[in-house]
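Novice: Contents of model29.tsv (TSV, C-alpha atoms and all ligand atoms):
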```
chain	number	residue	atom	x	y	z
A	1	MET	CA	69.91	44.83	202.93
A	2	LEU	CA	72.67	47.26	202.05
A	3	GLY	CA	72.58	48.39	198.46
A	4	LYS	CA	68.92	47.46	197.98
A	5	TYR	CA	66.81	50.26	196.54
A	6	GLU	CA	63.35	50.95	195.14
A	7	VAL	CA	62.64	53.82	192.80
A	8	ARG	CA	59.08	54.74	191.81
A	9	VAL	CA	58.24	55.96	188.31
A	10	SER	CA	55.08	58.04	188.81
A	11	LEU	CA	52.88	57.98	185.71
A	12	ALA	CA	49.31	57.82	187.10
A	13	GLU	CA	47.83	54.42	186.24
A	14	ARG	CA	51.00	53.47	184.39
A	15	SER	CA	53.23	53.93	187.47
A	16	TYR	CA	55.74	51.24	188.35
A	17	ASP	CA	58.66	50.38	190.59
A	18	ILE	CA	62.30	49.85	189.75
A	19	LEU	CA	63.77	47.30	192.15
A	20	ILE	CA	67.54	47.36	192.50
A	21	ALA	CA	69.04	44.50	194.51
A	22	ARG	CA	72.02	42.21	194.21
A	23	GLY	CA	71.01	38.64	193.47
A	24	SER	CA	67.44	39.68	192.59
A	25	LEU	CA	67.48	37.70	189.34
A	26	GLN	CA	66.44	34.69	191.38
A	27	GLU	CA	63.45	36.64	192.74
A	28	ILE	CA	61.83	37.34	189.38
A	29	GLY	CA	59.24	34.58	189.87
A	30	SER	CA	57.92	36.03	193.10
A	31	VAL	CA	57.94	39.56	191.63
A	32	LEU	CA	55.79	38.31	188.73
A	33	GLY	CA	53.55	36.53	191.22
A	34	ARG	CA	52.72	39.85	192.88
A	35	LEU	CA	51.81	41.57	189.58
A	36	GLY	CA	48.59	39.65	188.92
A	37	LEU	CA	49.51	38.04	185.60
A	38	SER	CA	48.07	34.95	183.95
A	39	ASN	CA	50.20	31.84	183.90
A	40	THR	CA	52.31	32.16	180.74
A	41	VAL	CA	55.51	34.21	180.62
A	42	GLY	CA	57.75	34.70	177.57
A	43	ILE	CA	61.41	35.35	178.31
A	44	VAL	CA	63.01	37.23	175.44
A	45	THR	CA	66.80	37.35	175.51
A	46	ASP	CA	69.89	37.16	173.32
A	47	ARG	CA	72.42	34.36	172.98
A	48	HIS	CA	75.13	35.96	175.17
A	49	VAL	CA	72.73	36.65	178.01
A	50	ALA	CA	70.91	33.33	177.64
A	51	GLU	CA	74.19	31.47	178.13
A	52	ARG	CA	74.78	33.17	181.46
A	53	TYR	CA	71.40	33.92	183.00
A	54	LEU	CA	68.49	32.17	181.28
A	55	THR	CA	68.52	28.98	183.36
A	56	ARG	CA	68.29	30.96	186.60
A	57	ILE	CA	65.36	33.02	185.35
A	58	VAL	CA	63.46	30.04	183.96
A	59	ARG	CA	63.91	28.19	187.25
A	60	SER	CA	62.61	31.14	189.28
A	61	VAL	CA	59.65	31.73	186.95
A	62	LYS	CA	58.65	28.07	187.00
A	63	ALA	CA	59.04	27.83	190.78
A	64	ALA	CA	56.46	30.61	191.05
A	65	GLY	CA	53.99	28.49	189.04
A	66	PHE	CA	54.31	30.09	185.60
A	67	ARG	CA	54.78	28.40	182.24
A	68	ALA	CA	58.04	29.78	180.81
A	69	VAL	CA	58.52	30.24	177.06
A	70	PRO	CA	62.12	31.27	176.22
A	71	ILE	CA	62.64	33.22	172.99
A	72	ILE	CA	66.33	33.59	172.09
A	73	LEU	CA	67.58	36.05	169.46
A	74	PRO	CA	71.06	36.73	168.08
A	75	ALA	CA	72.94	39.42	170.07
A	76	GLY	CA	73.63	42.95	168.91
A	77	GLU	CA	72.06	46.03	167.34
A	78	ARG	CA	71.62	44.17	164.05
A	79	SER	CA	68.85	42.17	165.71
A	80	LYS	CA	66.85	45.30	166.51
A	81	THR	CA	64.59	44.92	163.48
A	82	LEU	CA	60.97	44.32	162.55
A	83	ARG	CA	62.03	40.82	161.53
A	84	SER	CA	62.98	40.02	165.14
A	85	VAL	CA	59.70	41.48	166.38
A	86	SER	CA	57.90	39.31	163.88
A	87	LYS	CA	59.76	36.29	165.18
A	88	ILE	CA	58.73	37.10	168.75
A	89	LEU	CA	55.09	37.52	167.65
A	90	ASP	CA	55.18	34.14	165.85
A	91	GLU	CA	56.26	32.50	169.10
A	92	LEU	CA	53.59	34.28	171.15
A	93	ILE	CA	50.85	33.22	168.76
A	94	ALA	CA	52.14	29.63	168.61
A	95	ALA	CA	52.25	29.46	172.43
A	96	LYS	CA	48.74	31.02	172.65
A	97	PHE	CA	49.70	34.08	174.66
A	98	GLU	CA	46.69	36.06	175.84
A	99	ARG	CA	46.05	39.57	177.17
A	100	ARG	CA	47.42	38.92	180.64
A	101	SER	CA	50.37	36.79	179.58
A	102	ALA	CA	53.57	38.75	180.05
A	103	LEU	CA	56.97	39.15	178.46
A	104	ILE	CA	60.26	39.49	180.31
A	105	ALA	CA	63.00	41.44	178.52
A	106	LEU	CA	66.22	39.84	179.78
A	107	GLY	CA	69.23	41.63	178.31
A	108	GLY	CA	70.62	44.95	177.17
A	109	GLY	CA	68.89	47.86	175.50
A	110	VAL	CA	68.45	45.98	172.24
A	111	ILE	CA	66.40	43.23	173.90
A	112	GLY	CA	64.53	45.77	176.05
A	113	ASP	CA	63.53	47.93	173.08
A	114	LEU	CA	62.54	44.93	170.95
A	115	THR	CA	60.59	43.12	173.65
A	116	GLY	CA	58.82	46.28	174.77
A	117	PHE	CA	57.73	46.94	171.20
A	118	ALA	CA	56.50	43.36	170.70
A	119	ALA	CA	54.57	43.71	173.99
A	120	ALA	CA	53.14	47.04	172.82
A	121	ILE	CA	51.64	45.63	169.62
A	122	TYR	CA	50.72	42.01	170.43
A	123	LEU	CA	46.94	41.98	171.05
A	124	ARG	CA	47.23	45.80	171.17
A	125	GLY	CA	49.40	45.57	174.24
A	126	ILE	CA	50.36	42.98	176.83
A	127	PRO	CA	52.33	43.56	180.04
A	128	PHE	CA	56.11	43.30	180.14
A	129	VAL	CA	58.82	43.43	182.75
A	130	GLN	CA	62.31	44.77	182.15
A	131	VAL	CA	65.23	42.77	183.53
A	132	PRO	CA	68.16	44.83	182.19
A	133	THR	CA	71.64	43.28	182.23
A	134	THR	CA	73.88	46.03	180.78
A	135	LEU	CA	74.75	49.33	182.46
A	136	VAL	CA	73.12	51.24	179.59
A	137	ALA	CA	69.92	49.28	180.09
A	138	GLN	CA	69.97	49.52	183.91
A	139	VAL	CA	70.41	53.29	184.02
A	140	ASP	CA	68.63	54.31	180.85
A	141	SER	CA	66.77	52.17	178.33
A	142	SER	CA	64.74	49.99	180.74
A	143	VAL	CA	63.11	53.05	182.32
A	144	GLY	CA	60.73	55.39	180.53
A	145	GLY	CA	58.69	53.29	178.14
A	146	LYS	CA	60.35	54.09	174.83
A	147	THR	CA	60.34	50.91	172.77
A	148	GLY	CA	61.09	50.20	169.14
A	149	VAL	CA	63.32	48.94	166.38
A	150	ASP	CA	65.69	50.26	163.72
A	151	HIS	CA	64.93	50.69	160.01
A	152	PRO	CA	67.63	50.26	157.35
A	153	LEU	CA	67.40	54.04	156.84
A	154	GLY	CA	67.79	55.01	160.49
A	155	LYS	CA	67.95	53.98	164.13
A	156	ASN	CA	64.83	53.80	166.31
A	157	LEU	CA	62.52	55.01	163.52
A	158	ILE	CA	59.73	52.56	164.38
A	159	GLY	CA	58.35	52.30	167.87
A	160	ALA	CA	55.78	52.95	170.55
A	161	PHE	CA	55.52	54.22	174.08
A	162	HIS	CA	54.77	51.25	176.31
A	163	GLN	CA	55.67	51.36	179.98
A	164	PRO	CA	56.85	48.19	181.71
A	165	LEU	CA	54.95	46.75	184.67
A	166	ALA	CA	58.16	46.72	186.68
A	167	VAL	CA	61.91	46.95	186.26
A	168	LEU	CA	64.04	44.41	188.12
A	169	ILE	CA	67.73	45.30	188.30
A	170	ASP	CA	70.33	42.84	189.54
A	171	PRO	CA	73.64	44.76	189.56
A	172	ASP	CA	75.53	41.47	189.90
A	173	THR	CA	74.81	40.77	186.23
A	174	LEU	CA	77.15	43.65	185.36
A	175	THR	CA	80.19	41.67	186.49
A	176	THR	CA	80.12	39.67	183.24
A	177	LEU	CA	79.77	42.69	180.97
A	178	PRO	CA	82.74	43.28	178.62
A	179	LYS	CA	84.85	46.23	179.81
A	180	ARG	CA	84.15	48.37	176.77
A	181	GLU	CA	80.36	48.01	177.28
A	182	TRP	CA	80.78	48.86	180.97
A	183	VAL	CA	82.73	52.05	180.28
A	184	ALA	CA	80.32	53.08	177.51
A	185	GLY	CA	77.46	52.85	180.03
A	186	LEU	CA	79.28	55.25	182.34
A	187	ALA	CA	78.77	57.96	179.71
A	188	GLU	CA	75.01	57.92	180.32
A	189	VAL	CA	75.66	58.06	184.07
A	190	ILE	CA	77.90	61.12	183.66
A	191	LYS	CA	75.10	62.63	181.57
A	192	TYR	CA	72.71	62.49	184.55
A	193	GLY	CA	75.20	64.42	186.66
A	194	MET	CA	75.57	67.04	183.95
A	195	ILE	CA	71.87	67.56	183.30
A	196	ALA	CA	70.48	67.38	186.80
A	197	ASP	CA	72.76	66.91	189.79
A	198	GLU	CA	76.07	68.57	190.56
A	199	ALA	CA	76.50	66.57	193.78
A	200	PHE	CA	76.10	63.33	191.82
A	201	PHE	CA	78.68	64.55	189.32
A	202	ALA	CA	81.08	65.20	192.20
A	203	TYR	CA	80.35	61.70	193.54
A	204	LEU	CA	81.35	60.26	190.15
A	205	GLU	CA	84.55	62.30	190.17
A	206	LYS	CA	85.40	60.97	193.61
A	207	HIS	CA	84.54	57.33	192.90
A	208	THR	CA	85.77	56.93	189.32
A	209	GLU	CA	88.38	54.32	190.26
A	210	ALA	CA	85.91	52.32	192.35
A	211	LEU	CA	83.42	52.42	189.48
A	212	LEU	CA	86.02	51.22	187.01
A	213	ARG	CA	86.67	48.32	189.40
A	214	ARG	CA	82.87	47.79	189.52
A	215	GLU	CA	82.77	47.87	193.34
A	216	SER	CA	79.29	46.84	194.33
A	217	GLY	CA	78.51	49.74	196.72
A	218	PRO	CA	79.23	52.61	194.32
A	219	VAL	CA	77.74	50.65	191.41
A	220	ALA	CA	74.38	50.20	193.16
A	221	GLN	CA	74.43	53.83	194.29
A	222	VAL	CA	75.06	55.04	190.75
A	223	ILE	CA	72.28	52.88	189.29
A	224	LYS	CA	69.85	54.14	191.91
A	225	ARG	CA	70.63	57.84	191.43
A	226	SER	CA	70.56	57.51	187.63
A	227	CYS	CA	67.16	55.79	187.77
A	228	GLU	CA	65.83	58.46	190.13
A	229	ILE	CA	66.86	61.23	187.77
A	230	LYS	CA	65.48	59.46	184.70
A	231	ALA	CA	62.25	58.58	186.54
A	232	LYS	CA	61.72	62.19	187.58
A	233	VAL	CA	62.30	63.57	184.09
A	234	VAL	CA	60.03	60.93	182.52
A	235	ALA	CA	57.31	61.58	185.11
A	236	GLU	CA	57.38	65.27	184.17
A	237	ASP	CA	57.14	64.60	180.43
A	238	GLU	CA	56.29	61.02	179.49
A	239	ARG	CA	56.09	61.59	175.73
A	240	GLU	CA	59.02	63.91	175.21
A	241	SER	CA	57.25	67.09	174.27
A	242	ASP	CA	59.64	69.27	176.18
A	243	ARG	CA	61.45	68.56	179.46
A	244	ARG	CA	62.33	64.97	178.55
A	245	ARG	CA	64.54	66.34	175.81
A	246	ILE	CA	67.20	67.17	178.39
A	247	LEU	CA	67.97	63.44	178.38
A	248	ASN	CA	69.29	63.97	174.87
A	249	TYR	CA	72.27	65.97	176.12
A	250	GLY	CA	75.35	64.74	174.24
A	251	HIS	CA	73.11	62.85	171.84
A	252	THR	CA	72.75	65.51	169.13
A	253	ILE	CA	76.40	65.32	168.11
A	254	GLY	CA	76.62	61.76	169.50
A	255	HIS	CA	73.96	60.40	167.15
A	256	ALA	CA	75.50	62.26	164.22
A	257	LEU	CA	78.89	60.65	164.94
A	258	GLU	CA	77.32	57.21	165.25
A	259	ALA	CA	75.59	57.65	161.90
A	260	LEU	CA	78.73	58.99	160.22
A	261	GLY	CA	80.68	55.98	161.48
A	262	GLY	CA	78.03	53.63	160.12
A	263	TYR	CA	77.25	52.51	163.73
A	264	ARG	CA	80.40	50.40	163.65
A	265	SER	CA	83.32	52.44	164.95
A	266	LEU	CA	81.81	53.83	168.16
A	267	LEU	CA	79.59	52.30	170.80
A	268	HIS	CA	76.59	54.49	171.61
A	269	GLY	CA	78.01	55.54	174.99
A	270	GLU	CA	81.36	56.44	173.44
A	271	ALA	CA	79.62	58.64	170.87
A	272	VAL	CA	77.60	60.25	173.69
A	273	ALA	CA	80.79	60.95	175.66
A	274	ILE	CA	82.30	62.80	172.68
A	275	GLY	CA	78.94	64.48	172.07
A	276	MET	CA	78.71	65.75	175.66
A	277	VAL	CA	82.20	67.25	175.65
A	278	GLN	CA	81.77	68.78	172.19
A	279	GLU	CA	78.31	70.15	172.98
A	280	ALA	CA	79.69	71.66	176.19
A	281	ASP	CA	82.44	73.28	174.15
A	282	LEU	CA	79.81	74.58	171.73
A	283	ALA	CA	77.84	75.94	174.69
A	284	ARG	CA	80.98	77.72	175.88
A	285	HIS	CA	81.41	79.13	172.37
A	286	LEU	CA	77.80	80.36	172.48
A	287	GLY	CA	78.43	82.02	175.85
A	288	ILE	CA	76.13	79.62	177.74
A	289	CYS	CA	78.76	78.11	180.04
A	290	SER	CA	82.31	78.76	181.17
A	291	GLN	CA	85.50	76.99	180.11
A	292	GLU	CA	85.60	75.54	183.61
A	293	VAL	CA	82.46	73.49	182.94
A	294	VAL	CA	83.99	72.07	179.76
A	295	ASP	CA	87.25	71.22	181.51
A	296	ARG	CA	85.53	69.56	184.45
A	297	LEU	CA	83.40	67.39	182.17
A	298	ARG	CA	86.36	66.51	179.97
A	299	GLY	CA	88.34	65.52	183.07
A	300	LEU	CA	85.69	63.04	184.23
A	301	VAL	CA	85.09	61.66	180.74
A	302	ARG	CA	88.81	60.98	180.32
A	303	ALA	CA	89.22	59.56	183.83
A	304	ALA	CA	86.44	57.10	183.02
A	305	GLY	CA	88.38	55.98	179.95
A	306	LEU	CA	85.88	57.45	177.49
A	307	PRO	CA	86.81	59.31	174.30
A	308	ASP	CA	86.21	63.06	174.11
A	309	ALA	CA	87.78	64.17	170.83
A	310	MET	CA	85.82	64.68	167.65
A	311	PRO	CA	86.80	62.14	164.98
A	312	LYS	CA	87.85	63.52	161.59
A	313	VAL	CA	84.66	64.77	159.93
A	314	SER	CA	83.92	67.70	157.64
A	315	PHE	CA	81.55	70.42	158.80
A	316	ASN	CA	79.13	69.71	155.96
A	317	ALA	CA	78.95	66.01	156.76
A	318	LEU	CA	78.41	66.78	160.44
A	319	TRP	CA	75.72	69.40	159.81
A	320	GLN	CA	73.98	67.06	157.38
A	321	ALA	CA	74.04	64.27	159.97
A	322	LEU	CA	72.65	66.64	162.61
A	323	GLN	CA	69.68	67.33	160.31
A	324	HIS	CA	68.75	63.66	160.30
A	325	ASP	CA	68.38	63.61	164.02
A	326	LYS	CA	64.81	63.28	165.25
A	327	LYS	CA	65.34	66.30	167.47
A	328	VAL	CA	65.32	68.59	164.44
A	329	ALA	CA	62.40	71.00	164.48
A	330	HIS	CA	61.60	73.72	161.94
A	331	GLY	CA	64.89	73.38	160.05
A	332	GLU	CA	66.98	74.21	163.13
A	333	VAL	CA	68.92	71.79	165.25
A	334	TYR	CA	67.74	71.75	168.84
A	335	GLY	CA	70.50	71.19	171.31
A	336	VAL	CA	70.75	70.71	175.06
A	337	TRP	CA	73.37	73.06	176.46
A	338	PRO	CA	75.00	72.96	179.88
A	339	GLU	CA	74.83	76.22	181.82
A	340	GLN	CA	76.63	74.69	184.81
A	341	VAL	CA	77.44	71.18	185.90
A	342	GLY	CA	73.97	69.97	186.96
A	343	ARG	CA	71.89	72.37	184.88
A	344	VAL	CA	71.06	72.48	181.16
A	345	ARG	CA	68.97	74.58	178.81
A	346	ILE	CA	67.32	73.63	175.50
A	347	ALA	CA	67.89	76.04	172.61
A	348	PRO	CA	68.10	76.00	168.81
A	349	LEU	CA	71.45	76.06	167.08
A	350	ALA	CA	71.93	78.02	163.86
A	351	ARG	CA	74.15	76.67	161.10
A	352	ASP	CA	76.43	79.72	161.07
A	353	ALA	CA	77.13	79.67	164.79
A	354	CYS	CA	77.85	75.96	164.59
A	355	ARG	CA	80.20	76.49	161.67
A	356	ARG	CA	82.13	79.26	163.45
A	357	TRP	CA	82.59	76.98	166.45
A	358	PHE	CA	83.61	74.06	164.26
A	359	VAL	CA	86.23	76.06	162.35
A	360	GLY	CA	87.64	77.73	165.48
A	361	ARG	CA	87.89	74.36	167.20
A	362	GLY	CA	91.07	73.38	165.33
A	363	ALA	CA	93.03	76.07	167.15
A	364	ARG	CA	91.97	74.67	170.54
A	365	SER	CA	92.21	70.96	169.75
A	366	GLY	CA	94.33	68.86	172.04
A	367	ARG	CA	92.83	70.49	175.11
B	1	LIG	N1	64.50	52.96	175.03
B	1	LIG	C1	65.35	53.86	175.46
B	1	LIG	O1	64.98	54.84	176.11
B	1	LIG	C2	66.80	53.68	175.15
B	1	LIG	C3	67.77	54.44	175.83
B	1	LIG	C4	69.11	54.19	175.57
B	1	LIG	C5	69.48	53.21	174.66
B	1	LIG	N2	68.52	52.49	174.00
B	1	LIG	C6	68.89	51.44	173.04
B	1	LIG	O2	69.64	50.47	173.72
B	1	LIG	C7	70.50	49.80	172.78
B	1	LIG	C8	71.87	49.69	173.38
B	1	LIG	O3	71.78	48.92	174.55
B	1	LIG	P1	73.05	48.18	175.16
B	1	LIG	O4	74.17	49.10	175.21
B	1	LIG	O5	72.57	47.53	176.40
B	1	LIG	O6	73.44	47.12	174.02
B	1	LIG	P2	73.05	45.57	173.76
B	1	LIG	O7	71.69	45.25	174.19
B	1	LIG	O8	73.42	45.30	172.35
B	1	LIG	O9	74.07	44.81	174.70
B	1	LIG	C9	75.45	44.93	174.48
B	1	LIG	C10	76.14	43.57	174.43
B	1	LIG	O10	76.28	43.07	175.76
B	1	LIG	C11	75.78	41.73	175.84
B	1	LIG	N3	75.31	41.56	177.21
B	1	LIG	C12	74.17	42.04	177.76
B	1	LIG	N4	74.15	41.82	179.08
B	1	LIG	C13	75.31	41.16	179.37
B	1	LIG	C14	75.87	40.68	180.59
B	1	LIG	N5	75.27	40.87	181.76
B	1	LIG	N6	77.06	40.04	180.52
B	1	LIG	C15	77.71	39.90	179.34
B	1	LIG	N7	77.23	40.36	178.16
B	1	LIG	C16	76.05	41.00	178.19
B	1	LIG	C17	74.75	41.65	174.77
B	1	LIG	O11	74.54	40.33	174.37
B	1	LIG	C18	75.38	42.50	173.67
B	1	LIG	O12	76.31	41.72	172.95
B	1	LIG	C19	70.45	50.64	171.51
B	1	LIG	O13	69.67	49.96	170.54
B	1	LIG	C20	69.76	51.92	171.93
B	1	LIG	O14	69.02	52.52	170.89
B	1	LIG	C21	67.21	52.70	174.23
B	2	ZN	ZN	71.94	57.33	175.09
```
Let me see the structure of the file written as structure tokens.
Specialist:
Amino acid sequence: MLGKYEVRVSLAERSYDILIARGSLQEIGSVLGRLGLSNTVGIVTDRHVAERYLTRIVRSVKAAGFRAVPIILPAGERSKTLRSVSKILDELIAAKFERRSALIALGGGVIGDLTGFAAAIYLRGIPFVQVPTTLVAQVDSSVGGKTGVDHPLGKNLIGAFHQPLAVLIDPDTLTTLPKREWVAGLAEVIKYGMIADEAFFAYLEKHTEALLRRESGPVAQVIKRSCEIKAKVVAEDERESDRRRILNYGHTIGHALEALGGYRSLLHGEAVAIGMVQEADLARHLGICSQEVVDRLRGLVRAAGLPDAMPKVSFNALWQALQHDKKVAHGEVYGVWPEQVGRVRIAPLARDACRRWFVGRGARSGR
């Protein structure tokens, strides 16, 4: 079938496949059947997603002979807490889940991170399958095994590495995604072009309009290539000791802006879009890349309808927020800097250099 892809994530005995196929939501039962699980499956989802897709999943799971236990949480980042994990665990215990019972994470990154974490700690680890339904989740959060929840003092502070048994992507689910969520997801897609693949970046430039219209061919292609790039980086460095950090391009400044806005004004992808453009400009300031790289990235970010300008913040507030990022090591801020479109380098950033860039920026704003 056209637009049907399989991407392997190679992690020795923790390897798994990402299946990308339109209409595959209905196939989840048979996919589970092939994975050698016992007969109980918990389907964790949020209210928005449950309304649209839960019935289909439950039907497919039951048709394959499993007992289905739906667990429905409120939607949104505010649900990504230990309290929600605790609620999931209560349900698993009440329904007598055992070691080979599995969880399905049906939803966006919030549900994926929560469900993966519950699966990581229940009985010291049970299997789970990711069924991502947002663009962010299909190209990023469902792949790689990072799971966890937020703490009132910071995002993603509590978590575990726990790889899924499989990832099942049905691109058709993206048709119901609100436009703002769709566009925000494109930021992570652009990131893959910047960090690893100039040809993919050029493909995005050429097909921006088609992607904004969510045409199924380019959409499936973009999901596949993004998953391939993420899978390769994760396979090289599962636990983020080094290489995996390149995935944080745009996230150093992006996370700082999210924190400064109290996680309310910007969606994650929007903050990452600004972060990528600003970090590229910083890289240009540091002599790591040319102005051309910055302009090309800014052009694509804008064409996709994403923001690129730094909101009003003071240097001190920004630098302070950068310190809180988990990527801080030895008092310096580690950044990921583009050398060219398709190639990045990891290097520390000193406060003074950052300040000189920040102050000089005013003169160039509006570009
Ligand atoms: N684990 C990782 O490696 C990783 C990577 C990136 C992001 N994340 C995490 O992912 C989260 C963000 O994920 P997200 O952007 O998917 O947000 P989300 O899960 O909050 O979903 C966004 C909104 O879209 C709704 N929704 C989901 N699928 C839908 C569909 N098909 N149709 C209509 N509405 C739908 C949800 O109910 C929610 O309201 C953050 O918590 C972030 O930390 C994790
Ligand atoms: Zn991200």
Novice: Mind checking which residues fall within 9 Å of Ser30 of chain A, counting only C-alpha atoms, ignoring those fewer than 6 positions away in the same chain, and posting them as a PyMOL selection string?
Specialist: chain A and resi 60-61+63-64
Novice: Within 6 Å of ligand LIG 1 (chain B), which residues show up when you count all atoms listed in the file? List them as a list in words, please.
Specialist: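 These are the residues that qualify: Asp46, His48, Val49, Ala75, Gly76, Glu77, Gly107, Gly108, Gly109, Val110, Ile111, Asp113, Thr133, Thr134, Val136, Ala137, Asp140, Ser141, Lys146, Thr147, Thr173, Leu174, Thr176 and Leu177 of chain A.
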Novice: Each residue of chain A with at least one atom at most 7 Å from ligand ZN 2 (chain B) should appear once, together with its nearest atom pair and the corresponding distance in Å (one decimal); atoms considered: all atoms listed in the file; ordering: chain, then increasing residue number; output as CSV.
Specialist:
```
residue,atom,partner,partner_atom,distance
A:Glu188,CA,B:ZN2,ZN,6.1
A:His251,CA,B:ZN2,ZN,6.5
A:His268,CA,B:ZN2,ZN,6.5
A:Gly269,CA,B:ZN2,ZN,6.3
A:Val272,CA,B:ZN2,ZN,6.5
```
Novice: Could you give me, as number ranges by chain, the residues within 10 Å of Ala321 of chain A, counting only C-alpha atoms and dropping anything in the same chain fewer than 6 positions from it?
Specialist: A: 252-253, 255-260, 315
Novice: Can you pull out every residue within 12 Å of segment 123-129 of chain A, counting only C-alpha atoms, but drop anything in the same chain fewer than 2 positions away, and send it as a count of residues only?
Specialist: 60
Novice: Contacts of Ser216 of chain A at 10 Å or less, counting only C-alpha atoms, minus same-chain residues fewer than 3 places along, as a count of residues only?
Specialist: 13
Novice: Choose the residue, out of A:Glu91, A:Glu198, A:Glu270, A:Asp352, that has the smallest atom-to-atom separation from Val293 of chain A; count all atoms listed in the file.
Specialist: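 With all atoms listed in the file as the atom set, the closest residue is A:Glu198.
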Novice: Can you list, as number ranges by chain, every protein, DNA or RNA residue that comes within 12 Å of Gly299 of chain A when you count all atoms listed in the file, leaving out same-chain residues fewer than 5 positions away?
Specialist: A: 190, 201-202, 204-206, 208, 273, 277, 292-294, 304-308, 367
Novice: Of the candidates A:Ile346, A:Ala199, A:Leu157, A:Leu11, which shows the shortest atom-to-atom distance to Tyr249 of chain A, using only C-alpha atoms?
Specialist: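 The answer is A:Ile346, which sits nearest to Tyr249 of chain A.
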Novice: Expressed in Å to a single decimal, how great is the separation between atom CA of Lys230 of chain A and atom CA of Tyr122 of chain A?
Specialist: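 Separation between atom CA of Lys230 of chain A and atom CA of Tyr122 of chain A: 26.9 Å.
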